[in-house]
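*Asks:* The structure file input.pdb (PDB, C-alpha atoms and all ligand atoms) is provided below.
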```pdb
MODEL        1
ATOM      1  CA  MET K  13      16.102   5.315   1.880  1.00  0.00           C
ATOM      2  CA  ARG K  14      16.147   7.570   4.914  1.00  0.00           C
ATOM      3  CA  PHE K  15      13.858   6.837   7.826  1.00  0.00           C
ATOM      4  CA  GLY K  16      12.501   9.118  10.509  1.00  0.00           C
ATOM      5  CA  PRO K  17       9.995   8.976  13.378  1.00  0.00           C
ATOM      6  CA  GLN K  18       6.923  11.149  13.313  1.00  0.00           C
ATOM      7  CA  GLU K  19       4.100  12.441  15.448  1.00  0.00           C
ATOM      8  CA  THR K  20       1.050  10.490  16.506  1.00  0.00           C
ATOM      9  CA  PRO K  21      -1.239   9.725  13.555  1.00  0.00           C
ATOM     10  CA  SER K  22      -4.844  10.772  13.299  1.00  0.00           C
ATOM     11  CA  GLU K  23      -7.461   8.255  14.331  1.00  0.00           C
ATOM     12  CA  THR K  24      -9.932   8.847  11.545  1.00  0.00           C
ATOM     13  CA  PRO K  25     -12.258   5.844  11.511  1.00  0.00           C
ATOM     14  CA  SER K  26     -12.526   3.841   8.353  1.00  0.00           C
ATOM     15  CA  TRP K  27     -15.632   3.718   6.285  1.00  0.00           C
ATOM     16  CA  PHE K  28     -15.901   0.015   6.814  1.00  0.00           C
ATOM     17  CA  GLU K  29     -15.746  -2.025   9.950  1.00  0.00           C
ATOM     18  CA  PRO K  30     -15.833  -5.656   8.860  1.00  0.00           C
ATOM     19  CA  PRO K  31     -17.280  -8.166   9.278  1.00  0.00           C
ATOM     20  CA  GLU K  32     -20.712  -6.533   9.149  1.00  0.00           C
ATOM     21  CA  ARG K  33     -21.758  -5.727   5.635  1.00  0.00           C
ATOM     22  CA  VAL K  34     -22.249  -2.000   5.312  1.00  0.00           C
ATOM     23  CA  HIS K  35     -24.189  -0.165   2.677  1.00  0.00           C
ATOM     24  CA  GLN K  36     -21.640   1.244   0.284  1.00  0.00           C
ATOM     25  CA  PRO K  37     -21.805   4.964  -0.347  1.00  0.00           C
ATOM     26  CA  ARG K  38     -21.232   5.788  -3.952  1.00  0.00           C
ATOM     27  CA  ARG K  39     -17.712   6.712  -4.914  1.00  0.00           C
ATOM     28  CA  PRO K  40     -17.505   9.987  -6.824  1.00  0.00           C
ATOM     29  CA  GLU K  41     -16.757   9.436 -10.492  1.00  0.00           C
ATOM     30  CA  LEU K  42     -13.396  10.636 -11.720  1.00  0.00           C
ATOM     31  CA  SER K  43     -13.604  13.290 -14.370  1.00  0.00           C
ATOM     32  CA  ASP K  44     -11.858  12.480 -17.606  1.00  0.00           C
ATOM     33  CA  ARG K  45     -10.993  16.139 -18.130  1.00  0.00           C
ATOM     34  CA  PRO K  46      -8.748  18.066 -18.510  1.00  0.00           C
ATOM     35  CA  GLN K  47      -6.451  15.097 -19.147  1.00  0.00           C
ATOM     36  CA  ASP K  48      -8.601  13.407 -21.768  1.00  0.00           C
ATOM     37  CA  GLY K  49      -8.041   9.715 -21.873  1.00  0.00           C
ATOM     38  CA  ARG K  50      -5.782   9.600 -18.810  1.00  0.00           C
ATOM     39  CA  VAL K  51      -8.431   8.104 -16.532  1.00  0.00           C
ATOM     40  CA  SER K  52      -9.492   5.377 -18.962  1.00  0.00           C
ATOM     41  CA  GLU K  53      -5.872   4.667 -19.827  1.00  0.00           C
ATOM     42  CA  TRP K  54      -5.107   4.313 -16.122  1.00  0.00           C
ATOM     43  CA  ALA K  55      -8.075   2.044 -15.516  1.00  0.00           C
ATOM     44  CA  ALA K  56      -6.975  -0.211 -18.376  1.00  0.00           C
ATOM     45  CA  ALA K  57      -3.409  -0.453 -17.042  1.00  0.00           C
ATOM     46  CA  ARG K  58      -2.106  -3.361 -15.004  1.00  0.00           C
ATOM     47  CA  CYS K  59      -0.741  -2.910 -11.473  1.00  0.00           C
ATOM     48  CA  ASP K  60       2.826  -3.447 -12.656  1.00  0.00           C
ATOM     49  CA  GLU K  61       2.421  -0.604 -15.139  1.00  0.00           C
ATOM     50  CA  ILE K  62       1.286   1.671 -12.297  1.00  0.00           C
ATOM     51  CA  VAL K  63       3.652   0.712  -9.463  1.00  0.00           C
ATOM     52  CA  GLY K  64       6.298  -1.414 -11.223  1.00  0.00           C
ATOM     53  CA  ASP K  65       8.953   1.296 -11.031  1.00  0.00           C
ATOM     54  CA  ILE K  66       8.435   1.962  -7.319  1.00  0.00           C
ATOM     55  CA  ARG K  67       8.162  -1.660  -6.189  1.00  0.00           C
ATOM     56  CA  GLY K  68      11.792  -1.534  -5.039  1.00  0.00           C
ATOM     57  CA  VAL K  69      11.132   1.535  -2.892  1.00  0.00           C
ATOM     58  CA  LEU K  70       8.043  -0.072  -1.381  1.00  0.00           C
ATOM     59  CA  TRP K  71       9.948  -3.241  -0.624  1.00  0.00           C
ATOM     60  CA  ARG K  72      12.992  -1.497   0.860  1.00  0.00           C
ATOM     61  CA  PHE K  73      10.659   0.409   3.166  1.00  0.00           C
ATOM     62  CA  THR K  74       8.796  -2.775   4.096  1.00  0.00           C
ATOM     63  CA  GLU K  75      12.066  -4.546   4.922  1.00  0.00           C
ATOM     64  CA  GLY K  76      13.341  -1.505   6.794  1.00  0.00           C
ATOM     65  CA  VAL K  77      10.390  -1.290   9.165  1.00  0.00           C
ATOM     66  CA  ALA K  78       9.559  -5.002   9.379  1.00  0.00           C
ATOM     67  CA  ASP K  79      11.467  -5.617  12.605  1.00  0.00           C
ATOM     68  CA  VAL K  80       9.718  -2.749  14.389  1.00  0.00           C
ATOM     69  CA  LEU K  81       6.267  -3.804  13.175  1.00  0.00           C
ATOM     70  CA  HIS K  82       6.882  -7.501  13.657  1.00  0.00           C
ATOM     71  CA  PRO K  83       9.665  -7.969  16.232  1.00  0.00           C
ATOM     72  CA  GLY K  84      11.955 -10.813  15.275  1.00  0.00           C
ATOM     73  CA  MET K  85      11.573 -10.321  11.511  1.00  0.00           C
ATOM     74  CA  GLY K  86      14.968  -8.637  11.267  1.00  0.00           C
ATOM     75  CA  VAL K  87      16.989 -11.854  11.132  1.00  0.00           C
ATOM     76  CA  ALA K  88      14.878 -13.347   8.347  1.00  0.00           C
ATOM     77  CA  VAL K  89      14.921 -10.094   6.392  1.00  0.00           C
ATOM     78  CA  GLY K  90      18.717  -9.878   6.710  1.00  0.00           C
ATOM     79  CA  ALA K  91      19.082 -13.428   5.404  1.00  0.00           C
ATOM     80  CA  ALA K  92      16.716 -12.685   2.526  1.00  0.00           C
ATOM     81  CA  GLN K  93      18.674  -9.565   1.616  1.00  0.00           C
ATOM     82  CA  ARG K  94      21.857 -11.647   1.313  1.00  0.00           C
ATOM     83  CA  ALA K  95      20.075 -14.145  -0.939  1.00  0.00           C
ATOM     84  CA  THR K  96      19.298 -11.852  -3.848  1.00  0.00           C
ATOM     85  CA  LYS K  97      17.048 -14.375  -5.572  1.00  0.00           C
ATOM     86  CA  TRP K  98      14.440 -13.545  -2.921  1.00  0.00           C
ATOM     87  CA  GLY K  99      13.337 -10.405  -4.634  1.00  0.00           C
ATOM     88  CA  PRO K 100       9.809  -9.191  -4.007  1.00  0.00           C
ATOM     89  CA  ALA K 101       6.941 -10.350  -6.168  1.00  0.00           C
ATOM     90  CA  LEU K 102       4.438  -7.821  -7.454  1.00  0.00           C
ATOM     91  CA  ILE K 103       0.917  -9.124  -7.855  1.00  0.00           C
ATOM     92  CA  GLY K 104      -1.929  -7.076  -9.302  1.00  0.00           C
ATOM     93  CA  LEU K 105      -5.139  -8.420  -7.838  1.00  0.00           C
ATOM     94  CA  ASN K 106      -7.635  -6.706 -10.108  1.00  0.00           C
ATOM     95  CA  ASP K 107      -5.670  -6.507 -13.332  1.00  0.00           C
ATOM     96  CA  GLY K 108      -7.785  -6.787 -16.453  1.00  0.00           C
ATOM     97  CA  ARG K 109     -10.970  -5.471 -14.856  1.00  0.00           C
ATOM     98  CA  ALA K 110     -10.580  -1.843 -15.898  1.00  0.00           C
ATOM     99  CA  ALA K 111     -10.816  -0.956 -12.190  1.00  0.00           C
ATOM    100  CA  ASP K 112     -10.313   2.691 -11.242  1.00  0.00           C
ATOM    101  CA  VAL K 113      -8.832   1.512  -7.926  1.00  0.00           C
ATOM    102  CA  LYS K 114      -5.756  -0.684  -8.197  1.00  0.00           C
ATOM    103  CA  ILE K 115      -5.232  -3.296  -5.517  1.00  0.00           C
ATOM    104  CA  GLY K 116      -2.102  -5.387  -5.339  1.00  0.00           C
ATOM    105  CA  LEU K 117       0.742  -6.734  -3.247  1.00  0.00           C
ATOM    106  CA  VAL K 118       4.489  -6.490  -3.135  1.00  0.00           C
ATOM    107  CA  GLY K 119       6.159  -9.126  -1.073  1.00  0.00           C
ATOM    108  CA  SER K 120       7.828 -12.405  -0.447  1.00  0.00           C
ATOM    109  CA  GLU K 121       6.077 -15.694   0.154  1.00  0.00           C
ATOM    110  CA  ASN K 122       9.375 -17.015   1.562  1.00  0.00           C
ATOM    111  CA  LEU K 123       9.407 -14.361   4.270  1.00  0.00           C
ATOM    112  CA  GLY K 124       5.668 -14.260   4.752  1.00  0.00           C
ATOM    113  CA  LEU K 125       6.037 -10.493   4.477  1.00  0.00           C
ATOM    114  CA  TRP K 126       3.752  -8.505   2.214  1.00  0.00           C
ATOM    115  CA  THR K 127       2.699  -4.947   1.565  1.00  0.00           C
ATOM    116  CA  ILE K 128      -0.872  -4.799   0.332  1.00  0.00           C
ATOM    117  CA  PHE K 129      -1.576  -1.536  -1.449  1.00  0.00           C
ATOM    118  CA  ARG K 130      -4.448   0.373  -2.903  1.00  0.00           C
ATOM    119  CA  THR K 131      -4.165   3.373  -5.195  1.00  0.00           C
ATOM    120  CA  ARG K 132      -6.478   5.521  -7.244  1.00  0.00           C
ATOM    121  CA  LEU K 133      -5.714   8.220  -9.790  1.00  0.00           C
ATOM    122  CA  GLY K 134      -6.043  11.777  -8.518  1.00  0.00           C
ATOM    123  CA  GLN K 135      -4.906  13.216  -5.222  1.00  0.00           C
ATOM    124  CA  SER K 136      -7.049  11.295  -2.785  1.00  0.00           C
ATOM    125  CA  ASP K 137      -9.008   8.125  -2.540  1.00  0.00           C
ATOM    126  CA  HIS K 138     -12.294   9.406  -1.116  1.00  0.00           C
ATOM    127  CA  GLY K 139     -15.158   7.018  -0.671  1.00  0.00           C
ATOM    128  CA  PRO K 140     -15.526   3.465   0.563  1.00  0.00           C
ATOM    129  CA  ARG K 141     -12.361   1.602   1.286  1.00  0.00           C
ATOM    130  CA  PRO K 142     -11.196  -1.174   3.588  1.00  0.00           C
ATOM    131  CA  ALA K 143     -10.515  -0.756   7.307  1.00  0.00           C
ATOM    132  CA  TRP K 144      -6.740  -0.963   6.921  1.00  0.00           C
ATOM    133  CA  CYS K 145      -6.596   2.305   4.951  1.00  0.00           C
ATOM    134  CA  VAL K 146      -5.227   4.805   7.474  1.00  0.00           C
ATOM    135  CA  ASP K 147      -5.363   8.535   6.809  1.00  0.00           C
ATOM    136  CA  LEU K 148      -1.891   9.409   8.064  1.00  0.00           C
ATOM    137  CA  PRO K 149      -0.819  13.030   7.733  1.00  0.00           C
ATOM    138  CA  VAL K 150       2.044  13.539   5.297  1.00  0.00           C
ATOM    139  CA  GLY K 151       3.210  16.487   7.368  1.00  0.00           C
ATOM    140  CA  PRO K 152       6.725  17.370   8.520  1.00  0.00           C
ATOM    141  CA  LEU K 153       9.414  14.704   8.504  1.00  0.00           C
ATOM    142  CA  GLY K 154      11.121  13.839  11.757  1.00  0.00           C
ATOM    143  CA  ALA K 155      14.789  13.219  12.456  1.00  0.00           C
ATOM    144  CA  GLU K 156      16.611  10.483  10.584  1.00  0.00           C
ATOM    145  CA  GLY K 157      16.841   6.940  11.863  1.00  0.00           C
ATOM    146  CA  ILE K 158      14.457   4.260  13.040  1.00  0.00           C
ATOM    147  CA  ARG K 159      13.431   4.794  16.672  1.00  0.00           C
ATOM    148  CA  GLU K 160      11.926   1.686  18.144  1.00  0.00           C
ATOM    149  CA  ASP K 161       9.426   3.628  20.294  1.00  0.00           C
ATOM    150  CA  ALA K 162       8.186   5.752  17.386  1.00  0.00           C
ATOM    151  CA  ALA K 163       4.441   5.730  16.681  1.00  0.00           C
ATOM    152  CA  VAL K 164       5.044   6.405  12.997  1.00  0.00           C
ATOM    153  CA  LEU K 165       7.994   5.528  10.783  1.00  0.00           C
ATOM    154  CA  SER K 166       8.737   7.379   7.575  1.00  0.00           C
ATOM    155  CA  GLY K 167      11.096   6.791   4.693  1.00  0.00           C
ATOM    156  CA  VAL K 168      12.001   9.137   1.847  1.00  0.00           C
ATOM    157  CA  GLU K 169      13.711   8.166  -1.366  1.00  0.00           C
ATOM    158  CA  GLU K 170      14.615  10.185  -4.439  1.00  0.00           C
ATOM    159  CA  VAL K 171      13.022   8.682  -7.532  1.00  0.00           C
ATOM    160  CA  LYS K 172      12.959   9.448 -11.221  1.00  0.00           C
ATOM    161  CA  PRO K 173       9.994  11.486 -12.528  1.00  0.00           C
ATOM    162  CA  SER K 174       9.142   8.580 -14.825  1.00  0.00           C
ATOM    163  CA  ASP K 175       8.978   6.208 -11.822  1.00  0.00           C
ATOM    164  CA  VAL K 176       6.095   8.117 -10.219  1.00  0.00           C
ATOM    165  CA  ALA K 177       4.394   9.458 -13.354  1.00  0.00           C
ATOM    166  CA  PRO K 178       2.008   6.456 -13.587  1.00  0.00           C
ATOM    167  CA  LEU K 179       0.633   7.346 -10.131  1.00  0.00           C
ATOM    168  CA  LEU K 180      -0.274  10.873 -11.158  1.00  0.00           C
ATOM    169  CA  LEU K 181      -2.927  12.584 -13.231  1.00  0.00           C
ATOM    170  CA  THR K 182      -0.244  14.828 -14.718  1.00  0.00           C
ATOM    171  CA  ALA K 183       3.323  13.624 -15.209  1.00  0.00           C
ATOM    172  CA  PRO K 184       6.041  15.631 -13.415  1.00  0.00           C
ATOM    173  CA  ALA K 185       8.423  17.685 -15.527  1.00  0.00           C
ATOM    174  CA  ALA K 186      11.432  15.829 -16.910  1.00  0.00           C
ATOM    175  CA  GLY K 187      14.339  16.335 -14.544  1.00  0.00           C
ATOM    176  CA  ALA K 188      12.134  17.438 -11.638  1.00  0.00           C
ATOM    177  CA  PRO K 189      13.539  16.470  -8.196  1.00  0.00           C
ATOM    178  CA  THR K 190      10.803  13.932  -7.492  1.00  0.00           C
ATOM    179  CA  ARG K 191      10.667  12.044  -4.195  1.00  0.00           C
ATOM    180  CA  LEU K 192       8.621   9.275  -2.674  1.00  0.00           C
ATOM    181  CA  LEU K 193       7.531   9.206   0.971  1.00  0.00           C
ATOM    182  CA  ALA K 194       6.366   6.045   2.715  1.00  0.00           C
ATOM    183  CA  ARG K 195       4.939   6.415   6.201  1.00  0.00           C
ATOM    184  CA  VAL K 196       3.549   3.695   8.442  1.00  0.00           C
ATOM    185  CA  ASP K 197       1.594   3.752  11.703  1.00  0.00           C
ATOM    186  CA  VAL K 198       3.490   1.195  13.788  1.00  0.00           C
ATOM    187  CA  ARG K 199       0.524   0.022  15.863  1.00  0.00           C
ATOM    188  CA  ARG K 200      -1.800  -0.472  12.902  1.00  0.00           C
ATOM    189  CA  CYS K 201       0.911  -1.669  10.468  1.00  0.00           C
ATOM    190  CA  ALA K 202      -0.680   0.562   7.850  1.00  0.00           C
ATOM    191  CA  GLY K 203       0.229   3.775   6.138  1.00  0.00           C
ATOM    192  CA  VAL K 204       0.418   5.956   3.079  1.00  0.00           C
ATOM    193  CA  VAL K 205       2.719   6.664   0.163  1.00  0.00           C
ATOM    194  CA  ALA K 206       3.034  10.230  -1.061  1.00  0.00           C
ATOM    195  CA  VAL K 207       4.766  11.785  -4.040  1.00  0.00           C
ATOM    196  CA  ASP K 208       6.596  15.094  -4.263  1.00  0.00           C
ATOM    197  CA  VAL K 209       6.622  16.096  -7.932  1.00  0.00           C
ATOM    198  CA  GLY K 210       9.456  18.519  -7.256  1.00  0.00           C
ATOM    199  CA  ASP K 211       7.509  21.401  -5.700  1.00  0.00           C
ATOM    200  CA  GLY K 212       7.999  20.234  -2.097  1.00  0.00           C
ATOM    201  CA  VAL K 213       4.312  19.322  -1.648  1.00  0.00           C
ATOM    202  CA  TRP K 214       3.514  15.731  -0.655  1.00  0.00           C
ATOM    203  CA  GLN K 215       0.576  14.317  -2.618  1.00  0.00           C
ATOM    204  CA  ARG K 216      -0.936  11.282  -0.960  1.00  0.00           C
ATOM    205  CA  ARG K 217      -1.190   8.579  -3.595  1.00  0.00           C
ATOM    206  CA  MET K 218      -1.473   5.189  -1.982  1.00  0.00           C
ATOM    207  CA  PHE K 219      -2.680   3.330   1.073  1.00  0.00           C
ATOM    208  CA  PHE K 220      -0.848   0.231   2.221  1.00  0.00           C
ATOM    209  CA  THR K 221      -0.709  -2.264   5.028  1.00  0.00           C
ATOM    210  CA  ILE K 222       2.195  -4.538   5.913  1.00  0.00           C
ATOM    211  CA  VAL K 223       1.252  -8.084   6.871  1.00  0.00           C
ATOM    212  CA  HIS K 224       3.329 -10.880   8.322  1.00  0.00           C
ATOM    213  CA  PRO K 225       0.652 -13.520   8.821  1.00  0.00           C
ATOM    214  CA  ALA K 226       3.172 -16.278   9.525  1.00  0.00           C
ATOM    215  CA  SER K 227       3.707 -14.694  12.943  1.00  0.00           C
ATOM    216  CA  ARG K 228       0.042 -15.083  13.804  1.00  0.00           C
ATOM    217  CA  ALA K 229      -0.814 -18.570  12.670  1.00  0.00           C
ATOM    218  CA  ALA K 230       0.651 -21.784  11.372  1.00  0.00           C
ATOM    219  CA  GLY K 231      -0.102 -20.589   7.881  1.00  0.00           C
ATOM    220  CA  HIS K 232      -3.135 -22.578   6.874  1.00  0.00           C
ATOM    221  CA  HIS K 233      -6.735 -21.501   6.773  1.00  0.00           C
ATOM    222  CA  GLU K 234      -9.083 -22.794   9.380  1.00  0.00           C
ATOM    223  CA  THR K 235     -11.932 -20.798   7.955  1.00  0.00           C
ATOM    224  CA  TYR K 236     -12.816 -20.693   4.333  1.00  0.00           C
ATOM    225  CA  ARG K 237     -14.629 -17.697   2.995  1.00  0.00           C
ATOM    226  CA  VAL K 238     -16.086 -17.472  -0.446  1.00  0.00           C
ATOM    227  CA  VAL K 239     -17.908 -14.175  -0.352  1.00  0.00           C
ATOM    228  CA  CYS K 240     -16.307 -10.895   0.639  1.00  0.00           C
ATOM    229  CA  PRO K 241     -18.265  -9.510   3.630  1.00  0.00           C
ATOM    230  CA  VAL K 242     -17.735  -5.939   2.449  1.00  0.00           C
ATOM    231  CA  CYS K 243     -18.414  -5.864  -1.290  1.00  0.00           C
ATOM    232  CA  GLY K 244     -20.242  -9.171  -1.599  1.00  0.00           C
ATOM    233  CA  ARG K 245     -18.228 -10.396  -4.562  1.00  0.00           C
ATOM    234  CA  ARG K 246     -16.607 -13.791  -4.820  1.00  0.00           C
ATOM    235  CA  ARG K 247     -13.059 -12.983  -5.789  1.00  0.00           C
ATOM    236  CA  LEU K 248     -11.053 -13.377  -2.589  1.00  0.00           C
ATOM    237  CA  ALA K 249      -7.377 -13.998  -3.279  1.00  0.00           C
ATOM    238  CA  GLN K 250      -5.859 -16.520  -0.869  1.00  0.00           C
ATOM    239  CA  PHE K 251      -2.287 -16.327   0.311  1.00  0.00           C
ATOM    240  CA  ARG K 252      -0.472 -18.266   2.986  1.00  0.00           C
ATOM    241  CA  GLY K 253      -2.029 -16.964   6.179  1.00  0.00           C
ATOM    242  CA  PHE K 254      -4.406 -14.367   4.801  1.00  0.00           C
ATOM    243  CA  ASP K 255      -7.146 -13.593   2.300  1.00  0.00           C
ATOM    244  CA  VAL K 256      -7.571 -10.305   0.498  1.00  0.00           C
ATOM    245  CA  CYS K 257     -10.512  -9.270  -1.632  1.00  0.00           C
ATOM    246  CA  SER K 258      -9.300  -8.543  -5.141  1.00  0.00           C
ATOM    247  CA  ASP K 259     -12.170  -6.119  -5.727  1.00  0.00           C
ATOM    248  CA  CYS K 260     -12.313  -3.938  -2.598  1.00  0.00           C
ATOM    249  CA  GLY K 261      -9.144  -4.870  -0.692  1.00  0.00           C
ATOM    250  CA  TRP K 262     -10.876  -6.322   2.383  1.00  0.00           C
ATOM    251  CA  LEU K 263      -8.231  -8.189   4.367  1.00  0.00           C
ATOM    252  CA  ASN K 264      -8.677 -11.255   6.551  1.00  0.00           C
ATOM    253  CA  THR K 265      -5.721 -12.394   8.642  1.00  0.00           C
ATOM    254  CA  GLN K 266      -7.865 -14.412  11.066  1.00  0.00           C
ATOM    255  CA  THR K 267      -6.795 -17.846  10.006  1.00  0.00           C
TER     256      THR K 267
HETATM  257 ZN    ZN K 301     -14.556  -7.127  -1.358  1.00  0.00          ZN
ENDMDL
END
```
What is this structure when it is put down as structure tokens?
Ligand SMILES: [Zn+2]
*Replies:*
Amino acid sequence: MRFGPQETPSETPSWFEPPERVHQPRRPELSDRPQDGRVSEWAAARCDEIVGDIRGVLWRFTEGVADVLHPGMGVAVGAAQRATKWGPALIGLNDGRAADVKIGLVGSENLGLWTIFRTRLGQSDHGPRPAWCVDLPVGPLGAEGIREDAAVLSGVEEVKPSDVAPLLLTAPAAGAPTRLLARVDVRRCAGVVAVDVGDGVWQRRMFFTIVHPASRAAGHHETYRVVCPVCGRRRLAQFRGFDVCSDCGWLNTQT
């Protein structure tokens, strides 16, 4: 994976500012045409069927930027890389619910380092979404290398068309020079993943945020929430140092 710095990101406010509960605007329905069946097939799929083939790219990017986002992580990441058994886990939070938005995590409980992601079929995820979803531009790539004073870090990796096909409404042509771009806003620890299907155009396909809650707290919850303050449902997934709503992706790192 190649990394490069980038310009200052946009500051588009999110639709939700937790913890106040906000009335949810209705998300536009996805059309099931012209790719009949693709939307329902996608909704029925598990997270690992959607992002399983790019989990390695996501994790390499997460490891690559971890020390800039969370200074001091580099030593632990280096040790983890030498111990190959510490591969990343992929967890689909809303598998089996026929959700048209997939929410999941790729990460390592050992490192306390996770990438929480959210993806929806089609080019963009318009409509209500959690505060950590940052609308970064997928514009021009900067020079190679990780610059510690960069506002945005980007990584590009060549991938197989079949690796990114599950993210797309229409699969790229066999043999197309497909690429994946990951880009993170350093200050907000959040970013986007985009796909180039071989035509040189970056299609934004995923929001993510990188969390290292072990750096913020001892790792146990002092508060216990049952109900998500954003969507009102009761399916918060609890991890060491943070909660994430398995329905809407609301994230709580205030332990
Ligand atoms: Zn929720």
*Asks:* Write out as a list in words the residues lying within 9 Å of stretch 248-251 of chain K, counting only C-alpha atoms and excluding same-chain residues fewer than 6 positions away.
*Replies:*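 Neighbouring residues, sequence-local ones excluded: Leu105, Glu121, Gly231, Arg237, Val238, Val239, Cys240, Cys257, Ser258, Asp259, Gly261 and Trp262 of chain K.
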*Asks:* Report the residues retrieved by the PyMOL selection byres (((chain K and resi 179) around 12) and not hetatm) from the displayed file, expressed as a PyMOL selection string.
*Replies:* chain K and resi 50-51+53-55+57+59-66+112-114+130-136+173-178+180-184+192+205-209+215-218
*Asks:* Could you write out that same residue set with C-alpha atoms as a PDB file, in the coordinates of the input?
*Replies:*
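The result, stored in again-v1.pdb:
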```pdb
ATOM      1  CA  ARG K  50      -5.782   9.600 -18.810  1.00  0.00           C
ATOM      2  CA  VAL K  51      -8.431   8.104 -16.532  1.00  0.00           C
ATOM      3  CA  GLU K  53      -5.872   4.667 -19.827  1.00  0.00           C
ATOM      4  CA  TRP K  54      -5.107   4.313 -16.122  1.00  0.00           C
ATOM      5  CA  ALA K  55      -8.075   2.044 -15.516  1.00  0.00           C
ATOM      6  CA  ALA K  57      -3.409  -0.453 -17.042  1.00  0.00           C
ATOM      7  CA  CYS K  59      -0.741  -2.910 -11.473  1.00  0.00           C
ATOM      8  CA  ASP K  60       2.826  -3.447 -12.656  1.00  0.00           C
ATOM      9  CA  GLU K  61       2.421  -0.604 -15.139  1.00  0.00           C
ATOM     10  CA  ILE K  62       1.286   1.671 -12.297  1.00  0.00           C
ATOM     11  CA  VAL K  63       3.652   0.712  -9.463  1.00  0.00           C
ATOM     12  CA  GLY K  64       6.298  -1.414 -11.223  1.00  0.00           C
ATOM     13  CA  ASP K  65       8.953   1.296 -11.031  1.00  0.00           C
ATOM     14  CA  ILE K  66       8.435   1.962  -7.319  1.00  0.00           C
ATOM     15  CA  ASP K 112     -10.313   2.691 -11.242  1.00  0.00           C
ATOM     16  CA  VAL K 113      -8.832   1.512  -7.926  1.00  0.00           C
ATOM     17  CA  LYS K 114      -5.756  -0.684  -8.197  1.00  0.00           C
ATOM     18  CA  ARG K 130      -4.448   0.373  -2.903  1.00  0.00           C
ATOM     19  CA  THR K 131      -4.165   3.373  -5.195  1.00  0.00           C
ATOM     20  CA  ARG K 132      -6.478   5.521  -7.244  1.00  0.00           C
ATOM     21  CA  LEU K 133      -5.714   8.220  -9.790  1.00  0.00           C
ATOM     22  CA  GLY K 134      -6.043  11.777  -8.518  1.00  0.00           C
ATOM     23  CA  GLN K 135      -4.906  13.216  -5.222  1.00  0.00           C
ATOM     24  CA  SER K 136      -7.049  11.295  -2.785  1.00  0.00           C
ATOM     25  CA  PRO K 173       9.994  11.486 -12.528  1.00  0.00           C
ATOM     26  CA  SER K 174       9.142   8.580 -14.825  1.00  0.00           C
ATOM     27  CA  ASP K 175       8.978   6.208 -11.822  1.00  0.00           C
ATOM     28  CA  VAL K 176       6.095   8.117 -10.219  1.00  0.00           C
ATOM     29  CA  ALA K 177       4.394   9.458 -13.354  1.00  0.00           C
ATOM     30  CA  PRO K 178       2.008   6.456 -13.587  1.00  0.00           C
ATOM     31  CA  LEU K 180      -0.274  10.873 -11.158  1.00  0.00           C
ATOM     32  CA  LEU K 181      -2.927  12.584 -13.231  1.00  0.00           C
ATOM     33  CA  THR K 182      -0.244  14.828 -14.718  1.00  0.00           C
ATOM     34  CA  ALA K 183       3.323  13.624 -15.209  1.00  0.00           C
ATOM     35  CA  PRO K 184       6.041  15.631 -13.415  1.00  0.00           C
ATOM     36  CA  LEU K 192       8.621   9.275  -2.674  1.00  0.00           C
ATOM     37  CA  VAL K 205       2.719   6.664   0.163  1.00  0.00           C
ATOM     38  CA  ALA K 206       3.034  10.230  -1.061  1.00  0.00           C
ATOM     39  CA  VAL K 207       4.766  11.785  -4.040  1.00  0.00           C
ATOM     40  CA  ASP K 208       6.596  15.094  -4.263  1.00  0.00           C
ATOM     41  CA  VAL K 209       6.622  16.096  -7.932  1.00  0.00           C
ATOM     42  CA  GLN K 215       0.576  14.317  -2.618  1.00  0.00           C
ATOM     43  CA  ARG K 216      -0.936  11.282  -0.960  1.00  0.00           C
ATOM     44  CA  ARG K 217      -1.190   8.579  -3.595  1.00  0.00           C
ATOM     45  CA  MET K 218      -1.473   5.189  -1.982  1.00  0.00           C
TER      46      MET K 218
END
```
*Asks:* Point out the residue among K:Val89, K:Ala202, K:Ile128, K:Ile115 with the least atom-to-atom distance to ligand ZN 301 (chain K), counting only C-alpha atoms and all ligand atoms.
*Replies:*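 Between K:Val89, K:Ala202, K:Ile128, K:Ile115, the residue approaching ligand ZN 301 (chain K) most closely is K:Ile115.
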*Asks:* Skipping near chain neighbours, those fewer than 6 positions away, what residues fall within 7 Å of K:Thr265 using only C-alpha atoms, listed as a PDB file with C-alpha atoms, in the frame of the given file?
*Replies:*
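Result saved to out.pdb:
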```pdb
ATOM      1  CA  PRO K 225       0.652 -13.520   8.821  1.00  0.00           C
ATOM      2  CA  GLY K 253      -2.029 -16.964   6.179  1.00  0.00           C
ATOM      3  CA  PHE K 254      -4.406 -14.367   4.801  1.00  0.00           C
ATOM      4  CA  ASP K 255      -7.146 -13.593   2.300  1.00  0.00           C
TER       5      ASP K 255
END
```
*Asks:* What does the structure give for the distance between atom CA of K:Cys145 and atom CA of K:Glu170, in Å to one decimal?
*Replies:* 24.5 Å
*Asks:* Just to confirm, what's the straight-line distance from atom CA of K:Pro189 to atom CA of K:Gly210 in Å (one decimal)?
*Replies:*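 Atom-to-atom, atom CA of K:Pro189 and atom CA of K:Gly210 are spaced 4.7 Å apart.
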*Asks:* Quick one, how far is atom CA of K:Leu193 from atom CA of K:Val256?
*Replies:* 24.7 Å
*Asks:* Go through K:Asn264, K:Asn122, K:Ser52, K:Thr221 one by one, measure the shortest atom-to-atom distance of each to ligand ZN 301 (chain K) using only C-alpha atoms and all ligand atoms, and give the residue with the smallest value.
*Replies:*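 Between K:Asn264, K:Asn122, K:Ser52, K:Thr221, the residue approaching ligand ZN 301 (chain K) most closely is K:Asn264.
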*Asks:* With distances taken over all atoms listed in the file, which residue among K:Cys243, K:Val213, K:Leu117, K:Leu125 lies nearest K:Met85?
*Replies:*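 Using all atoms listed in the file, K:Met85 sits closest to K:Leu125.
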